[in-house]
Structures are given as structure tokens and as C-alpha cells.
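Okay, query-v9.txt now, which holds compact mmCIF, N, CA and C atoms:
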```
# COMPACT_ATOMS: atom_id res chain seq x y z
N MET A 231 0.85 -1.18 0.00
CA MET A 231 0.00 0.00 0.00
C MET A 231 0.89 1.24 0.00
N ALA A 232 0.58 2.19 -0.84
CA ALA A 232 1.41 3.38 -1.00
C ALA A 232 1.38 4.29 0.22
N HIS A 233 0.29 4.31 0.94
CA HIS A 233 0.16 5.23 2.05
C HIS A 233 0.36 4.52 3.39
N GLU A 234 1.54 3.94 3.56
CA GLU A 234 1.87 3.30 4.83
C GLU A 234 3.33 3.55 5.17
N ILE A 235 3.64 3.39 6.44
CA ILE A 235 5.00 3.53 6.93
C ILE A 235 5.43 2.17 7.44
N VAL A 236 6.64 1.77 7.12
CA VAL A 236 7.21 0.53 7.65
C VAL A 236 8.58 0.88 8.22
N GLU A 237 8.77 0.59 9.48
CA GLU A 237 10.04 0.85 10.16
C GLU A 237 10.49 -0.42 10.86
N GLU A 238 11.80 -0.65 10.90
CA GLU A 238 12.38 -1.74 11.67
C GLU A 238 13.55 -1.20 12.46
N LEU A 239 13.69 -1.69 13.69
CA LEU A 239 14.74 -1.21 14.57
C LEU A 239 15.11 -2.32 15.54
N PHE A 240 16.40 -2.54 15.75
CA PHE A 240 16.86 -3.48 16.75
C PHE A 240 17.01 -2.73 18.07
N ILE A 241 16.48 -3.31 19.15
CA ILE A 241 16.63 -2.74 20.49
C ILE A 241 17.15 -3.84 21.41
N ALA A 242 18.20 -3.51 22.15
CA ALA A 242 18.85 -4.48 23.04
C ALA A 242 18.04 -4.64 24.32
N ALA A 243 16.85 -5.20 24.18
CA ALA A 243 15.95 -5.49 25.30
C ALA A 243 15.04 -6.63 24.86
N PRO A 244 14.56 -7.45 25.81
CA PRO A 244 13.70 -8.56 25.43
C PRO A 244 12.30 -8.10 25.00
N PRO A 245 11.60 -8.91 24.20
CA PRO A 245 10.27 -8.54 23.71
C PRO A 245 9.29 -8.14 24.81
N ASP A 246 9.31 -8.81 25.97
CA ASP A 246 8.34 -8.46 27.02
C ASP A 246 8.55 -7.03 27.52
N ARG A 247 9.78 -6.55 27.58
CA ARG A 247 10.02 -5.16 28.00
C ARG A 247 9.49 -4.18 26.97
N LEU A 248 9.62 -4.51 25.68
CA LEU A 248 9.06 -3.64 24.64
C LEU A 248 7.54 -3.62 24.70
N PHE A 249 6.95 -4.79 24.84
CA PHE A 249 5.49 -4.86 24.93
C PHE A 249 5.00 -4.03 26.11
N ASP A 250 5.64 -4.18 27.27
CA ASP A 250 5.25 -3.42 28.46
C ASP A 250 5.43 -1.92 28.26
N ALA A 251 6.49 -1.52 27.57
CA ALA A 251 6.74 -0.10 27.33
C ALA A 251 5.61 0.53 26.52
N TRP A 252 4.98 -0.25 25.64
CA TRP A 252 3.88 0.24 24.82
C TRP A 252 2.52 0.16 25.51
N THR A 253 2.43 -0.62 26.59
CA THR A 253 1.10 -0.89 27.14
C THR A 253 0.92 -0.51 28.60
N GLN A 254 1.97 -0.11 29.28
CA GLN A 254 1.86 0.24 30.69
C GLN A 254 2.14 1.74 30.89
N ALA A 255 1.23 2.40 31.58
CA ALA A 255 1.34 3.85 31.78
C ALA A 255 2.66 4.24 32.43
N ALA A 256 3.13 3.45 33.39
CA ALA A 256 4.37 3.79 34.09
C ALA A 256 5.55 3.91 33.13
N HIS A 257 5.53 3.15 32.06
CA HIS A 257 6.59 3.23 31.05
C HIS A 257 6.25 4.28 29.99
N MET A 258 5.05 4.21 29.47
CA MET A 258 4.64 5.08 28.36
C MET A 258 4.85 6.56 28.69
N MET A 259 4.53 6.94 29.91
CA MET A 259 4.60 8.35 30.28
C MET A 259 6.04 8.83 30.47
N VAL A 260 6.98 7.91 30.55
CA VAL A 260 8.39 8.29 30.67
C VAL A 260 9.06 8.38 29.30
N TRP A 261 8.86 7.39 28.45
CA TRP A 261 9.63 7.38 27.19
C TRP A 261 8.98 8.13 26.05
N TRP A 262 7.64 8.22 26.02
CA TRP A 262 6.98 8.82 24.86
C TRP A 262 6.79 10.31 25.08
N LYS A 263 7.88 11.05 24.84
CA LYS A 263 7.82 12.50 25.02
C LYS A 263 8.96 13.14 24.26
N ASN A 264 8.74 14.36 23.93
CA ASN A 264 9.78 15.20 23.35
C ASN A 264 9.74 16.46 24.19
N ASP A 265 10.65 16.57 25.15
CA ASP A 265 10.58 17.65 26.13
C ASP A 265 10.50 19.04 25.50
N GLY A 266 11.00 19.19 24.29
CA GLY A 266 10.92 20.48 23.62
C GLY A 266 9.58 20.75 22.99
N GLU A 267 8.79 19.69 22.74
CA GLU A 267 7.53 19.86 22.02
C GLU A 267 6.30 19.34 22.76
N PHE A 268 6.44 18.27 23.50
CA PHE A 268 5.28 17.75 24.25
C PHE A 268 5.74 16.79 25.32
N VAL A 269 4.85 16.55 26.29
CA VAL A 269 5.07 15.58 27.35
C VAL A 269 3.80 14.74 27.46
N THR A 270 3.97 13.43 27.57
CA THR A 270 2.81 12.56 27.77
C THR A 270 2.34 12.75 29.21
N GLU A 271 1.09 13.19 29.37
CA GLU A 271 0.60 13.43 30.73
C GLU A 271 -0.44 12.42 31.19
N HIS A 272 -0.96 11.61 30.28
CA HIS A 272 -1.98 10.64 30.69
C HIS A 272 -2.01 9.50 29.68
N PHE A 273 -2.09 8.27 30.19
CA PHE A 273 -2.27 7.09 29.34
C PHE A 273 -3.14 6.10 30.08
N GLU A 274 -4.15 5.61 29.41
CA GLU A 274 -4.99 4.55 29.99
C GLU A 274 -5.38 3.58 28.89
N ASN A 275 -5.63 2.34 29.29
CA ASN A 275 -6.03 1.36 28.29
C ASN A 275 -6.78 0.19 28.93
N ASP A 276 -7.48 -0.51 28.08
CA ASP A 276 -8.14 -1.76 28.40
C ASP A 276 -7.50 -2.78 27.47
N LEU A 277 -6.43 -3.40 27.93
CA LEU A 277 -5.54 -4.19 27.09
C LEU A 277 -6.14 -5.55 26.75
N ARG A 278 -7.00 -5.53 25.74
CA ARG A 278 -7.62 -6.74 25.20
C ARG A 278 -8.13 -6.40 23.81
N VAL A 279 -8.29 -7.39 22.97
CA VAL A 279 -8.84 -7.13 21.64
C VAL A 279 -10.22 -6.49 21.82
N GLY A 280 -10.42 -5.36 21.18
CA GLY A 280 -11.66 -4.59 21.32
C GLY A 280 -11.60 -3.57 22.44
N GLY A 281 -10.57 -3.65 23.28
CA GLY A 281 -10.42 -2.68 24.37
C GLY A 281 -9.95 -1.33 23.84
N LYS A 282 -10.30 -0.28 24.54
CA LYS A 282 -9.95 1.08 24.14
C LYS A 282 -8.69 1.55 24.84
N TRP A 283 -8.01 2.50 24.23
CA TRP A 283 -6.86 3.16 24.83
C TRP A 283 -6.96 4.66 24.56
N LEU A 284 -6.27 5.44 25.38
CA LEU A 284 -6.31 6.90 25.28
C LEU A 284 -4.99 7.46 25.80
N VAL A 285 -4.44 8.43 25.08
CA VAL A 285 -3.23 9.12 25.53
C VAL A 285 -3.44 10.63 25.35
N ARG A 286 -2.91 11.41 26.31
CA ARG A 286 -2.98 12.87 26.21
C ARG A 286 -1.57 13.44 26.35
N PHE A 287 -1.29 14.44 25.52
CA PHE A 287 0.00 15.12 25.53
C PHE A 287 -0.20 16.59 25.90
N ARG A 288 0.70 17.11 26.74
CA ARG A 288 0.70 18.53 27.07
C ARG A 288 1.72 19.21 26.18
N MET A 289 1.26 20.25 25.50
CA MET A 289 2.11 21.00 24.58
C MET A 289 2.79 22.15 25.34
N PRO A 290 3.86 22.73 24.78
CA PRO A 290 4.57 23.82 25.46
C PRO A 290 3.68 25.01 25.82
N ASP A 291 2.63 25.25 25.01
CA ASP A 291 1.74 26.37 25.30
C ASP A 291 0.70 26.04 26.38
N GLY A 292 0.77 24.82 26.93
CA GLY A 292 -0.15 24.41 27.98
C GLY A 292 -1.39 23.69 27.47
N ASN A 293 -1.64 23.73 26.19
CA ASN A 293 -2.79 23.02 25.63
C ASN A 293 -2.55 21.52 25.65
N THR A 294 -3.65 20.77 25.66
CA THR A 294 -3.59 19.32 25.66
C THR A 294 -4.18 18.80 24.36
N VAL A 295 -3.49 17.85 23.75
CA VAL A 295 -3.99 17.14 22.58
C VAL A 295 -3.97 15.66 22.91
N GLY A 296 -4.65 14.87 22.11
CA GLY A 296 -4.68 13.45 22.44
C GLY A 296 -4.91 12.57 21.24
N ALA A 297 -4.80 11.28 21.52
CA ALA A 297 -5.08 10.25 20.53
C ALA A 297 -5.77 9.11 21.26
N GLN A 298 -6.53 8.35 20.49
CA GLN A 298 -7.24 7.22 21.07
C GLN A 298 -7.45 6.16 20.01
N GLY A 299 -7.86 5.00 20.45
CA GLY A 299 -8.12 3.94 19.51
C GLY A 299 -8.61 2.68 20.19
N GLU A 300 -8.54 1.61 19.43
CA GLU A 300 -9.02 0.31 19.89
C GLU A 300 -7.98 -0.75 19.54
N TYR A 301 -7.75 -1.65 20.47
CA TYR A 301 -6.81 -2.74 20.22
C TYR A 301 -7.41 -3.74 19.25
N ARG A 302 -6.62 -4.13 18.26
CA ARG A 302 -7.03 -5.12 17.27
C ARG A 302 -6.34 -6.46 17.51
N GLN A 303 -5.10 -6.41 18.05
CA GLN A 303 -4.34 -7.62 18.34
C GLN A 303 -3.54 -7.38 19.61
N VAL A 304 -3.63 -8.32 20.54
CA VAL A 304 -2.88 -8.25 21.79
C VAL A 304 -2.32 -9.64 22.05
N GLU A 305 -1.04 -9.83 21.73
CA GLU A 305 -0.39 -11.13 21.90
C GLU A 305 0.95 -10.89 22.59
N ARG A 306 0.88 -10.75 23.91
CA ARG A 306 2.09 -10.50 24.69
C ARG A 306 3.00 -11.71 24.62
N PRO A 307 4.29 -11.54 24.36
CA PRO A 307 5.04 -10.30 24.22
C PRO A 307 5.38 -9.94 22.77
N ASN A 308 4.78 -10.62 21.77
CA ASN A 308 5.29 -10.47 20.41
C ASN A 308 4.49 -9.64 19.43
N ALA A 309 3.24 -9.29 19.73
CA ALA A 309 2.46 -8.54 18.74
C ALA A 309 1.42 -7.65 19.41
N LEU A 310 1.26 -6.48 18.83
CA LEU A 310 0.29 -5.50 19.33
C LEU A 310 -0.16 -4.66 18.14
N SER A 311 -1.45 -4.50 17.96
CA SER A 311 -1.94 -3.58 16.93
C SER A 311 -3.15 -2.85 17.47
N PHE A 312 -3.32 -1.62 16.97
CA PHE A 312 -4.40 -0.77 17.45
C PHE A 312 -4.69 0.32 16.43
N THR A 313 -5.92 0.81 16.47
CA THR A 313 -6.26 1.95 15.65
C THR A 313 -5.73 3.21 16.33
N TRP A 314 -5.53 4.25 15.52
CA TRP A 314 -4.98 5.52 15.99
C TRP A 314 -5.82 6.64 15.40
N ALA A 315 -6.45 7.43 16.26
CA ALA A 315 -7.20 8.61 15.83
C ALA A 315 -6.73 9.77 16.71
N ALA A 316 -6.01 10.72 16.10
CA ALA A 316 -5.43 11.85 16.85
C ALA A 316 -6.30 13.09 16.70
N SER A 317 -6.34 13.88 17.76
CA SER A 317 -7.17 15.09 17.76
C SER A 317 -6.69 16.11 16.73
N TRP A 318 -5.43 16.05 16.33
CA TRP A 318 -4.88 17.01 15.38
C TRP A 318 -4.99 16.54 13.93
N ASP A 319 -5.56 15.36 13.70
CA ASP A 319 -5.66 14.81 12.35
C ASP A 319 -7.12 14.76 11.92
N ALA A 320 -7.43 15.44 10.83
CA ALA A 320 -8.81 15.46 10.34
C ALA A 320 -9.17 14.18 9.58
N GLY A 321 -8.17 13.37 9.22
CA GLY A 321 -8.44 12.12 8.51
C GLY A 321 -9.03 11.07 9.42
N GLY A 322 -9.42 9.97 8.82
CA GLY A 322 -9.99 8.88 9.60
C GLY A 322 -8.93 8.15 10.40
N PRO A 323 -9.34 7.21 11.22
CA PRO A 323 -8.37 6.44 12.00
C PRO A 323 -7.41 5.67 11.10
N THR A 324 -6.20 5.50 11.59
CA THR A 324 -5.20 4.68 10.92
C THR A 324 -4.93 3.46 11.78
N LEU A 325 -4.09 2.57 11.30
CA LEU A 325 -3.80 1.33 12.01
C LEU A 325 -2.30 1.23 12.26
N ILE A 326 -1.93 0.94 13.50
CA ILE A 326 -0.54 0.72 13.88
C ILE A 326 -0.39 -0.75 14.27
N GLU A 327 0.58 -1.42 13.63
CA GLU A 327 0.86 -2.82 13.92
C GLU A 327 2.31 -2.93 14.36
N LEU A 328 2.53 -3.57 15.51
CA LEU A 328 3.86 -3.74 16.07
C LEU A 328 4.16 -5.22 16.23
N GLU A 329 5.39 -5.61 15.86
CA GLU A 329 5.88 -6.95 16.13
C GLU A 329 7.16 -6.81 16.92
N PHE A 330 7.34 -7.64 17.92
CA PHE A 330 8.54 -7.67 18.75
C PHE A 330 9.14 -9.06 18.62
N LEU A 331 10.17 -9.19 17.78
CA LEU A 331 10.72 -10.49 17.43
C LEU A 331 12.08 -10.70 18.10
N PRO A 332 12.23 -11.74 18.92
CA PRO A 332 13.53 -12.01 19.54
C PRO A 332 14.61 -12.10 18.46
N SER A 333 15.75 -11.48 18.75
CA SER A 333 16.85 -11.47 17.79
C SER A 333 18.16 -11.32 18.56
N GLY A 334 18.91 -12.41 18.65
CA GLY A 334 20.18 -12.35 19.37
C GLY A 334 19.98 -11.93 20.81
N ASP A 335 20.65 -10.86 21.21
CA ASP A 335 20.55 -10.38 22.59
C ASP A 335 19.53 -9.24 22.74
N GLY A 336 18.55 -9.21 21.85
CA GLY A 336 17.54 -8.16 21.93
C GLY A 336 16.31 -8.49 21.11
N THR A 337 15.73 -7.46 20.52
CA THR A 337 14.46 -7.60 19.82
C THR A 337 14.47 -6.77 18.54
N LEU A 338 13.98 -7.36 17.47
CA LEU A 338 13.73 -6.61 16.25
C LEU A 338 12.30 -6.08 16.34
N VAL A 339 12.18 -4.77 16.33
CA VAL A 339 10.87 -4.11 16.38
C VAL A 339 10.45 -3.80 14.95
N LYS A 340 9.28 -4.29 14.57
CA LYS A 340 8.72 -3.96 13.26
C LYS A 340 7.45 -3.16 13.48
N LEU A 341 7.40 -2.00 12.86
CA LEU A 341 6.23 -1.13 12.97
C LEU A 341 5.67 -0.90 11.58
N ARG A 342 4.37 -1.05 11.44
CA ARG A 342 3.66 -0.72 10.20
C ARG A 342 2.51 0.21 10.60
N HIS A 343 2.47 1.37 9.98
CA HIS A 343 1.40 2.34 10.23
C HIS A 343 0.73 2.59 8.88
N SER A 344 -0.53 2.19 8.76
CA SER A 344 -1.23 2.23 7.48
C SER A 344 -2.57 2.95 7.60
N GLY A 345 -3.12 3.27 6.42
CA GLY A 345 -4.44 3.88 6.37
C GLY A 345 -4.43 5.38 6.19
N PHE A 346 -3.31 5.96 5.81
CA PHE A 346 -3.25 7.40 5.60
C PHE A 346 -4.05 7.79 4.36
N ASP A 347 -4.76 8.91 4.47
CA ASP A 347 -5.56 9.41 3.35
C ASP A 347 -4.70 9.99 2.24
N GLU A 348 -3.50 10.45 2.59
CA GLU A 348 -2.66 11.09 1.58
C GLU A 348 -1.18 10.85 1.89
N ALA A 349 -0.37 10.89 0.85
CA ALA A 349 1.06 10.64 0.99
C ALA A 349 1.74 11.70 1.86
N GLY A 350 1.29 12.94 1.79
CA GLY A 350 1.91 14.01 2.59
C GLY A 350 1.78 13.75 4.08
N TRP A 351 0.63 13.27 4.50
CA TRP A 351 0.42 12.98 5.92
C TRP A 351 1.27 11.77 6.33
N ARG A 352 1.37 10.78 5.45
CA ARG A 352 2.23 9.64 5.71
C ARG A 352 3.68 10.10 5.88
N ASP A 353 4.15 10.93 4.97
CA ASP A 353 5.54 11.38 5.02
C ASP A 353 5.85 12.17 6.28
N ALA A 354 4.92 13.00 6.73
CA ALA A 354 5.11 13.75 7.97
C ALA A 354 5.22 12.80 9.16
N ASN A 355 4.42 11.76 9.15
CA ASN A 355 4.43 10.80 10.26
C ASN A 355 5.67 9.89 10.23
N LYS A 356 6.26 9.68 9.08
CA LYS A 356 7.44 8.82 8.99
C LYS A 356 8.57 9.38 9.86
N LYS A 357 8.82 10.67 9.77
CA LYS A 357 9.87 11.29 10.59
C LYS A 357 9.52 11.18 12.08
N VAL A 358 8.27 11.37 12.41
CA VAL A 358 7.83 11.25 13.80
C VAL A 358 8.10 9.85 14.33
N TRP A 359 7.80 8.82 13.53
CA TRP A 359 8.04 7.45 13.99
C TRP A 359 9.52 7.16 14.16
N GLU A 360 10.36 7.67 13.28
CA GLU A 360 11.80 7.47 13.44
C GLU A 360 12.26 8.03 14.79
N GLU A 361 11.81 9.24 15.13
CA GLU A 361 12.17 9.86 16.42
C GLU A 361 11.58 9.08 17.59
N THR A 362 10.32 8.69 17.46
CA THR A 362 9.63 7.99 18.55
C THR A 362 10.31 6.66 18.86
N LEU A 363 10.66 5.90 17.84
CA LEU A 363 11.33 4.63 18.07
C LEU A 363 12.71 4.83 18.68
N ASP A 364 13.37 5.93 18.35
CA ASP A 364 14.65 6.22 18.97
C ASP A 364 14.48 6.55 20.46
N TRP A 365 13.41 7.28 20.81
CA TRP A 365 13.13 7.54 22.24
C TRP A 365 12.93 6.23 22.97
N LEU A 366 12.20 5.30 22.36
CA LEU A 366 11.95 3.99 22.98
C LEU A 366 13.27 3.24 23.16
N ARG A 367 14.10 3.23 22.13
CA ARG A 367 15.40 2.56 22.23
C ARG A 367 16.24 3.16 23.35
N CYS A 368 16.31 4.47 23.42
CA CYS A 368 17.09 5.13 24.48
C CYS A 368 16.53 4.78 25.87
N TYR A 369 15.23 4.78 26.01
CA TYR A 369 14.59 4.46 27.29
C TYR A 369 14.95 3.05 27.75
N LEU A 370 14.87 2.09 26.84
CA LEU A 370 15.05 0.69 27.20
C LEU A 370 16.51 0.29 27.33
N THR A 371 17.42 1.06 26.80
CA THR A 371 18.83 0.69 26.84
C THR A 371 19.67 1.61 27.73
N SER A 372 19.03 2.57 28.40
CA SER A 372 19.81 3.48 29.27
C SER A 372 19.98 2.89 30.65
```
If you took the structure in this file and wrote it as C-alpha cells, what would it be?
Amino acid sequence: MAHEIVEELFIAAPPDRLFDAWTQAAHMMVWWKNDGEFVTEHFENDLRVGGKWLVRFRMPDGNTVGAQGEYRQVERPNALSFTWAASWDAGGPTLIELEFLPSGDGTLVKLRHSGFDEAGWRDANKKVWEETLDWLRCYLTS
């Protein structure tokens, strides 16, 4: 599909730590932030297929934005997928699929983000995912 992002990254941590980093508020609120642009201030979820999740970010100007969705696949520790609908995106929900595959002394993380209405929005999100996955890698390996 032309309007999707595919990223792969090796992280020197076991799959269960990656899965927990994506699904537990205690982890999510620490690693998923860009101190210059936003801070994750709230994360909640019902971690089951069909369960809902919600995240809120505080912006430098004090405003809050958020994203929410529904879990489509929950297979700890190797697979997680969910819909993504952000308050700043006028398009419909997209789909994020994550795989955490054991590899040597760590995990190969595969991310696929699909369902973008236009290539421009996909391209803008590609850079965001590269940064976000690097924050996750730094968090889990520091």
C-alpha cells in the first residue's frame, strides 16, 4: 500500500520489555515524550482485543492534545496492533501494527502504520516514527 510507513529497529531489550513499554502507563509516560515539544501526561487502556486506549500530551503552550483507539491484536510479548485517531488529524483512524521479534541479545521491532488518506500525511508521520522509536530505544537501553 502506498500510504503506509514501515520501520524496523533493533533494540537491546527482550520482547516483554518492549510490549510493556507500549502498554503500561508507568513506562509510556516516561519514554513517549519530546521535552521540547510535548510531554505525555496521561495514558490509559483496556488491554484486550476490542479494548480502548487513550493518551494525552501537554504541549509547550499548555494546551492538551490526544489520541485514542481500539486494540485489534494483543499477543504478549510479540504482537500488538491498534487503531490511531489523533485530535490534530482530520483524517480517519489509521492502524498501527507492532511486532517484537527475539533477535540475538535483543528484539527486532517492526512497525507498520497504514491507512493514511494522503502521501503528505504519511511522510510527515514517517519522521515522527523514526524519532519515537529512537526515544523507545534510548529508554530501554539506558
Residue set, chain A restricted to alpha helix (DSSP H), as a VMD selection string: chain A and resid 245 to 253 255 to 261 349 to 371
Spatial neighbours of range 331-339 of chain A, 10 Å, only C-alpha atoms, chain gap at least 6 places, as a list in words: Glu237, Glu238, Leu239, Phe240, Ile241, Ala242, Ala243, Pro244, Pro245, Asp246, Arg247, Leu248, Pro307, Asn308, Ala309, Leu363 and Arg367 of chain A
Between atom C of Asp276 in chain A and CA of Gly299 in chain A, distance in Å (one decimal):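 Interatomic distance here is 10.4 Å.
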Leu310 in chain A surroundings by only C-alpha atoms, 6 Å radius, close-in-sequence under 2 positions cut, as a list in words: Gln303, Val304 and Leu328 of chain A
Residue with smallest distance to Asn355 in chain A - pool A:Ile235, A:Lys263, A:Lys340, A:Trp283, counting all atoms listed in the file: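 Ranking A:Ile235, A:Lys263, A:Lys340, A:Trp283 by distance to Asn355 in chain A, first place goes to A:Ile235.
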DSSP strand (DSSP E) selection over range 273-350 of chain A, as a PyMOL selection string: chain A and resi 273-275+282-288+294-305+309-316+324-333+336-344
One-decimal distance in Å that lies between atom C of Tyr369 in chain A and atom C of Gly281 in chain A: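 Taking atom C of Gly281 in chain A as the start and atom C of Tyr369 in chain A as the end point, the length is 25.6 Å.
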Residue with smallest distance to Tyr301 in chain A - pool A:Gly266, A:Gly280, A:Gly350, A:Gly322, counting only N, CA and C atoms: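 Smallest separation from Tyr301 in chain A among the options: A:Gly280.
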A:Thr253, A:Val260, A:Arg288, A:Val358 ranked by distance to Asn275 in chain A, top pick (using only N, CA and C atoms): A:Thr253
Selection as a PyMOL selection string: residues within 5 Å of (12.8, 8.3, 25.4), counting only N, CA and C atoms: chain A and resi 261+365-366+369
Two-atom distance - CA of Thr371 in chain A, CA of His257 in chain A (Å):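 About the pair CA of Thr371 in chain A and CA of His257 in chain A: they are 13.2 Å apart.
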Top pick for closest residue to Arg302 in chain A, considering A:Leu284, A:Ala315, A:Met259, A:Leu277 and counting only C-alpha atoms: A:Leu277
Expected axis-aligned box over every listed atom of range 299-308 of chain A, 5 Å added per side, centre plus edges in Å to one decimal, as JSON:
```
{"center_x": -1.8, "center_y": -3.4, "center_z": 21.0, "size_x": 24.4, "size_y": 26.7, "size_z": 17.4}
```
Nearby residues (all atoms listed in the file) at most 7 Å from Gly345 in chain A, same-chain spacing under 4 positions excluded, as a list in words: His233, Glu234, Ile235, Gly322, Pro323, Thr324 and Leu325 of chain A
Which residue of A:Ala255, A:Val269, A:Val279, A:Ala316 approaches Asn293 in chain A most closely, using only C-alpha atoms: A:Val269
Of the listed residues A:Gly292, A:Ser317, A:Phe273, A:Phe268, that which approaches Gln254 in chain A most closely, counting all atoms listed in the file: A:Phe273
